[in-house]
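Asker: Dropping in protein-v1.cif, with mmCIF, C-alpha atoms.
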data_input
loop_
_atom_site.group_PDB
_atom_site.id
_atom_site.type_symbol
_atom_site.label_atom_id
_atom_site.label_comp_id
_atom_site.auth_asym_id
_atom_site.auth_seq_id
_atom_site.Cartn_x
_atom_site.Cartn_y
_atom_site.Cartn_z
ATOM 1 C CA MET V 286 8.620 60.592 3.777
ATOM 2 C CA GLY V 287 5.134 61.033 5.144
ATOM 3 C CA SER V 288 2.571 63.484 3.771
ATOM 4 C CA ARG V 289 3.710 66.344 6.034
ATOM 5 C CA MET V 290 7.377 66.016 5.161
ATOM 6 C CA LEU V 291 6.594 65.546 1.481
ATOM 7 C CA ARG V 292 4.310 68.635 1.514
ATOM 8 C CA ASP V 293 7.110 70.702 3.071
ATOM 9 C CA GLN V 294 9.585 69.406 0.496
ATOM 10 C CA LEU V 295 7.218 70.266 -2.381
ATOM 11 C CA ASN V 296 6.514 73.746 -0.934
ATOM 12 C CA ARG V 297 10.258 74.445 -0.793
ATOM 13 C CA MET V 298 10.504 73.407 -4.438
ATOM 14 C CA GLY V 299 7.757 75.893 -5.372
ATOM 15 C CA TYR V 300 4.758 73.555 -5.603
ATOM 16 C CA HIS V 301 2.161 74.910 -3.158
ATOM 17 C CA VAL V 302 0.046 71.937 -2.058
ATOM 18 C CA GLY V 303 -1.644 70.977 1.195
ATOM 19 C CA ARG V 304 -0.990 67.941 3.339
ATOM 20 C CA ARG V 305 -4.372 66.351 2.612
ATOM 21 C CA HIS V 306 -3.854 66.629 -1.132
ATOM 22 C CA VAL V 307 -0.412 65.050 -0.800
ATOM 23 C CA SER V 308 -1.905 62.308 1.383
ATOM 24 C CA THR V 309 -4.632 61.619 -1.219
ATOM 25 C CA LEU V 310 -2.064 61.413 -4.015
ATOM 26 C CA MET V 311 0.125 59.100 -1.922
ATOM 27 C CA LYS V 312 -2.844 56.750 -1.371
ATOM 28 C CA LYS V 313 -3.705 56.733 -5.085
ATOM 29 C CA MET V 314 -0.104 55.826 -5.951
ATOM 30 C CA GLY V 315 0.088 53.204 -3.204
ATOM 31 C CA MET V 316 2.850 55.034 -1.354
ATOM 32 C CA MET V 317 3.309 54.549 2.388
ATOM 33 C CA PRO V 318 5.957 56.072 4.629
ATOM 34 C CA VAL V 319 8.412 53.634 6.192
ATOM 35 C CA SER V 320 8.903 54.116 9.917
ATOM 36 C CA CYS V 321 10.200 52.140 12.873
ATOM 37 C CA GLN V 322 7.341 50.433 14.657
ATOM 38 C CA ARG V 323 7.664 49.427 18.274
ATOM 39 C CA GLN V 324 7.373 45.692 18.803
ATOM 40 C CA THR V 325 6.854 45.371 22.555
ATOM 41 C CA ARG V 326 3.654 43.312 22.562
ATOM 42 C CA ILE V 327 4.217 40.554 20.024
ATOM 43 C CA LYS V 328 2.954 37.180 21.266
ATOM 44 C CA HIS V 329 4.954 34.098 20.360
ATOM 45 C CA PRO V 330 2.551 31.528 18.853
ATOM 46 C CA GLY V 331 4.073 28.595 20.772
ATOM 47 C CA HIS V 332 4.096 30.210 24.215
ATOM 48 C CA GLN V 333 1.473 29.402 26.843
ATOM 49 C CA ILE V 334 -0.853 32.141 28.125
ATOM 50 C CA TYR V 335 -1.708 32.079 31.839
ATOM 51 C CA PRO V 336 -4.951 33.325 33.448
ATOM 52 C CA TYR V 337 -5.327 36.691 35.166
ATOM 53 C CA LEU V 338 -5.311 35.953 38.921
ATOM 54 C CA LEU V 339 -5.775 39.429 40.404
ATOM 55 C CA ARG V 340 -9.456 40.056 39.582
ATOM 56 C CA GLY V 341 -11.301 40.630 42.877
ATOM 57 C CA MET V 342 -8.193 39.880 44.947
ATOM 58 C CA ALA V 343 -7.344 42.094 47.937
ATOM 59 C CA ILE V 344 -3.708 43.101 47.593
ATOM 60 C CA ASN V 345 -2.652 44.719 50.859
ATOM 61 C CA GLN V 346 0.872 43.528 51.733
ATOM 62 C CA ALA V 347 4.280 44.195 50.315
ATOM 63 C CA ASN V 348 5.808 41.269 48.411
ATOM 64 C CA GLN V 349 2.371 39.787 47.711
ATOM 65 C CA VAL V 350 2.213 40.740 44.004
ATOM 66 C CA TRP V 351 4.944 42.013 41.722
ATOM 67 C CA ALA V 352 4.378 43.472 38.261
ATOM 68 C CA LEU V 353 6.940 43.257 35.466
ATOM 69 C CA ASP V 354 6.790 45.300 32.308
ATOM 70 C CA THR V 355 9.043 46.223 29.431
ATOM 71 C CA THR V 356 8.608 49.614 27.853
ATOM 72 C CA TYR V 357 10.478 51.155 24.975
ATOM 73 C CA ILE V 358 12.416 54.407 25.078
ATOM 74 C CA PRO V 359 12.926 56.039 21.673
ATOM 75 C CA MET V 360 16.492 57.112 20.938
ATOM 76 C CA ALA V 361 18.055 58.972 18.018
ATOM 77 C CA LYS V 362 18.518 55.682 16.145
ATOM 78 C CA GLY V 363 16.089 53.002 17.269
ATOM 79 C CA PHE V 364 14.922 52.082 20.755
ATOM 80 C CA VAL V 365 16.211 50.860 24.071
ATOM 81 C CA TYR V 366 14.023 48.739 26.305
ATOM 82 C CA LEU V 367 13.492 49.292 30.016
ATOM 83 C CA THR V 368 12.373 46.246 32.000
ATOM 84 C CA ALA V 369 11.344 46.829 35.608
ATOM 85 C CA VAL V 370 9.881 44.962 38.569
ATOM 86 C CA ILE V 371 7.401 46.899 40.711
ATOM 87 C CA ASP V 372 5.858 45.862 44.021
ATOM 88 C CA TRP V 373 2.099 46.208 43.484
ATOM 89 C CA THR V 374 1.269 47.510 46.973
ATOM 90 C CA SER V 375 4.104 49.942 47.690
ATOM 91 C CA ARG V 376 4.671 50.960 44.019
ATOM 92 C CA LYS V 377 8.391 50.618 44.691
ATOM 93 C CA VAL V 378 10.674 49.754 41.776
ATOM 94 C CA LEU V 379 12.516 46.656 42.977
ATOM 95 C CA ALA V 380 14.861 46.237 40.003
ATOM 96 C CA ALA V 381 15.297 47.663 36.525
ATOM 97 C CA LYS V 382 17.459 47.059 33.474
ATOM 98 C CA VAL V 383 17.983 48.887 30.186
ATOM 99 C CA ALA V 384 18.833 46.763 27.146
ATOM 100 C CA ILE V 385 19.078 47.205 23.392
ATOM 101 C CA THR V 386 17.148 44.017 22.609
ATOM 102 C CA LEU V 387 13.766 42.701 23.680
ATOM 103 C CA GLU V 388 14.683 39.257 24.996
ATOM 104 C CA ALA V 389 13.525 37.053 27.872
ATOM 105 C CA CYS V 390 17.001 36.992 29.439
ATOM 106 C CA HIS V 391 16.631 40.647 30.477
ATOM 107 C CA ALA V 392 13.327 39.923 32.228
ATOM 108 C CA VAL V 393 14.951 36.958 33.988
ATOM 109 C CA ASP V 394 17.865 39.181 35.075
ATOM 110 C CA VAL V 395 15.652 41.781 36.756
ATOM 111 C CA LEU V 396 13.566 39.028 38.322
ATOM 112 C CA GLU V 397 16.722 37.386 39.740
ATOM 113 C CA GLU V 398 17.903 40.710 41.133
ATOM 114 C CA SER V 399 14.531 41.216 42.833
ATOM 115 C CA TYR V 400 14.543 37.690 44.258
ATOM 116 C CA GLN V 401 17.993 38.248 45.784
ATOM 117 C CA LYS V 402 17.043 41.557 47.417
ATOM 118 C CA TYR V 403 13.411 40.995 48.432
ATOM 119 C CA GLY V 404 12.624 37.259 48.385
ATOM 120 C CA CYS V 405 9.819 35.737 46.382
ATOM 121 C CA PRO V 406 6.284 37.111 45.906
ATOM 122 C CA SER V 407 3.118 35.025 45.818
ATOM 123 C CA ILE V 408 2.152 36.210 42.309
ATOM 124 C CA VAL V 409 4.091 37.757 39.428
ATOM 125 C CA ASN V 410 1.812 39.762 37.113
ATOM 126 C CA VAL V 411 2.976 40.361 33.527
ATOM 127 C CA ASP V 412 1.454 41.128 30.148
ATOM 128 C CA GLN V 413 1.459 38.652 27.266
ATOM 129 C CA GLY V 414 4.669 39.855 25.620
ATOM 130 C CA SER V 415 6.989 37.208 24.204
ATOM 131 C CA GLN V 416 9.693 37.932 26.797
ATOM 132 C CA PHE V 417 7.247 37.013 29.603
ATOM 133 C CA THR V 418 5.778 33.919 27.928
ATOM 134 C CA ALA V 419 9.216 32.480 27.087
ATOM 135 C CA GLU V 420 10.178 29.208 28.787
ATOM 136 C CA ALA V 421 13.218 30.764 30.509
ATOM 137 C CA PHE V 422 11.074 33.370 32.265
ATOM 138 C CA VAL V 423 8.154 31.077 33.112
ATOM 139 C CA SER V 424 10.416 28.376 34.524
ATOM 140 C CA ARG V 425 12.279 30.864 36.722
ATOM 141 C CA VAL V 426 9.033 32.222 38.189
ATOM 142 C CA THR V 427 7.625 28.768 38.896
ATOM 143 C CA GLN V 428 10.940 27.466 40.331
ATOM 144 C CA ALA V 429 10.782 30.193 42.962
ATOM 145 C CA GLY V 430 7.283 29.084 43.958
ATOM 146 C CA ALA V 431 5.388 32.086 42.585
ATOM 147 C CA ARG V 432 2.313 31.894 40.371
ATOM 148 C CA ILE V 433 2.093 33.724 37.049
ATOM 149 C CA SER V 434 -0.781 36.082 36.306
ATOM 150 C CA MET V 435 -1.069 37.407 32.764
ATOM 151 C CA ASP V 436 -2.947 40.557 32.018
ATOM 152 C CA GLY V 437 -4.716 40.818 28.675
ATOM 153 C CA ARG V 438 -3.551 44.419 28.255
ATOM 154 C CA PRO V 439 -0.163 46.011 28.957
ATOM 155 C CA TYR V 440 0.561 47.203 32.472
ATOM 156 C CA LEU V 441 2.451 50.434 31.894
ATOM 157 C CA LEU V 442 5.230 51.408 34.261
ATOM 158 C CA ILE V 443 3.966 54.977 34.284
ATOM 159 C CA GLN V 444 0.569 53.887 35.608
ATOM 160 C CA ALA V 445 2.198 52.477 38.741
ATOM 161 C CA TYR V 446 3.217 55.960 39.837
ATOM 162 C CA LYS V 447 -0.175 57.502 39.059
ATOM 163 C CA LEU V 448 -2.221 55.063 41.192
#
Would you encode the structure as structure tokens?

Answerer:
Amino acid sequence: MGSRMLRDQLNRMGYHVGRRHVSTLMKKMGMMPVSCQRQTRIKHPGHQIYPYLLRGMAINQANQVWALDTTYIPMAKGFVYLTAVIDWTSRKVLAAKVAITLEACHAVDVLEESYQKYGCPSIVNVDQGSQFTAEAFVSRVTQAGARISMDGRPYLLIQAYKL
């Protein structure tokens, strides 16, 4: 339990304390709440990082640059992961997949689906998540003749619709 839940529990038991007092006592006792943490941006230490190629580049045609991202969707018990391919210029979602694990094979699957429907872009822009730095993903992008651009910060799917 966190300080809020513990405060509510203590208040129901007849001990009238505030959240800050409970939080202070928890810190003194070395107590920390246990919660599920999202793990969408963990870098694999052995994976290569590629440079960011889009700085100062004029992107004005469809199929010139694609962006891939994986975002988590909280569920009642755990998370599901949504991986999508977006055309940078048109903001069109080219392919998407929902999975229960965060693995490179799901990124490769949506990339394959996009290749079959729309051809190959010049550049594929991704963040530095382990699913995008994995050998399976990198080799599939380079086999198709595209270059990889890695952003230092996450490119959120929601931002694509706001631009």

Asker: What does the distance from atom CA of Trp373 of chain V to atom CA of Met360 of chain V come to in Å, to one decimal?

Answerer: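 Result for atom CA of Trp373 of chain V versus atom CA of Met360 of chain V: 28.9 Å, one decimal.
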
Asker: What does the distance between atom CA of Asn345 of chain V and atom CA of Arg376 of chain V come to in Å, to one decimal place?

Answerer: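 Distance between the two atoms: 11.8 Å.
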
Asker: Using the chain letters and numbers from the file, give me the residues hit by the PyMOL selection byres ((chain V and resi 378-383) around 12), as an MDAnalysis selection string.

Answerer: chainID V and resid 347:348 350:358 364:377 384:388 390:406 442:443 445:446

Asker: List the neighbours of Ile433 of chain V out to 12 Å using only C-alpha atoms; skip same-chain residues closer than 6 positions along the sequence, and give me the result as a ChimeraX atom specification.

Answerer: /V:333-339,350-353,406-413,417-418,422-427

Asker: Can you work out which one of V:Ala389, V:Ile344, V:Met311, V:Ala431 has the shortest atom-to-atom distance to Ser415 of chain V, counting all atoms listed in the file?

Answerer: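 The answer is V:Ala389, which sits nearest to Ser415 of chain V.
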
Asker: When you count all atoms listed in the file, which of these residues is closest to Gly287 of chain V: V:Arg432, V:His301, V:Arg340, V:Lys312?

Answerer: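 Closest candidate: V:Lys312.
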
Asker: For atom CA of Met290 of chain V and atom CA of Pro359 of chain V, determine how far apart the two atoms are, in Å to one decimal place.

Answerer: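 These two atoms are separated by 20.1 Å.
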
Asker: Let me know the residues the PyMOL selection byres ((chain V and resi 288) around 6) catches in the file above, as a VMD selection string.

Answerer: chain V and resid 287 289 to 292 304 307 to 308
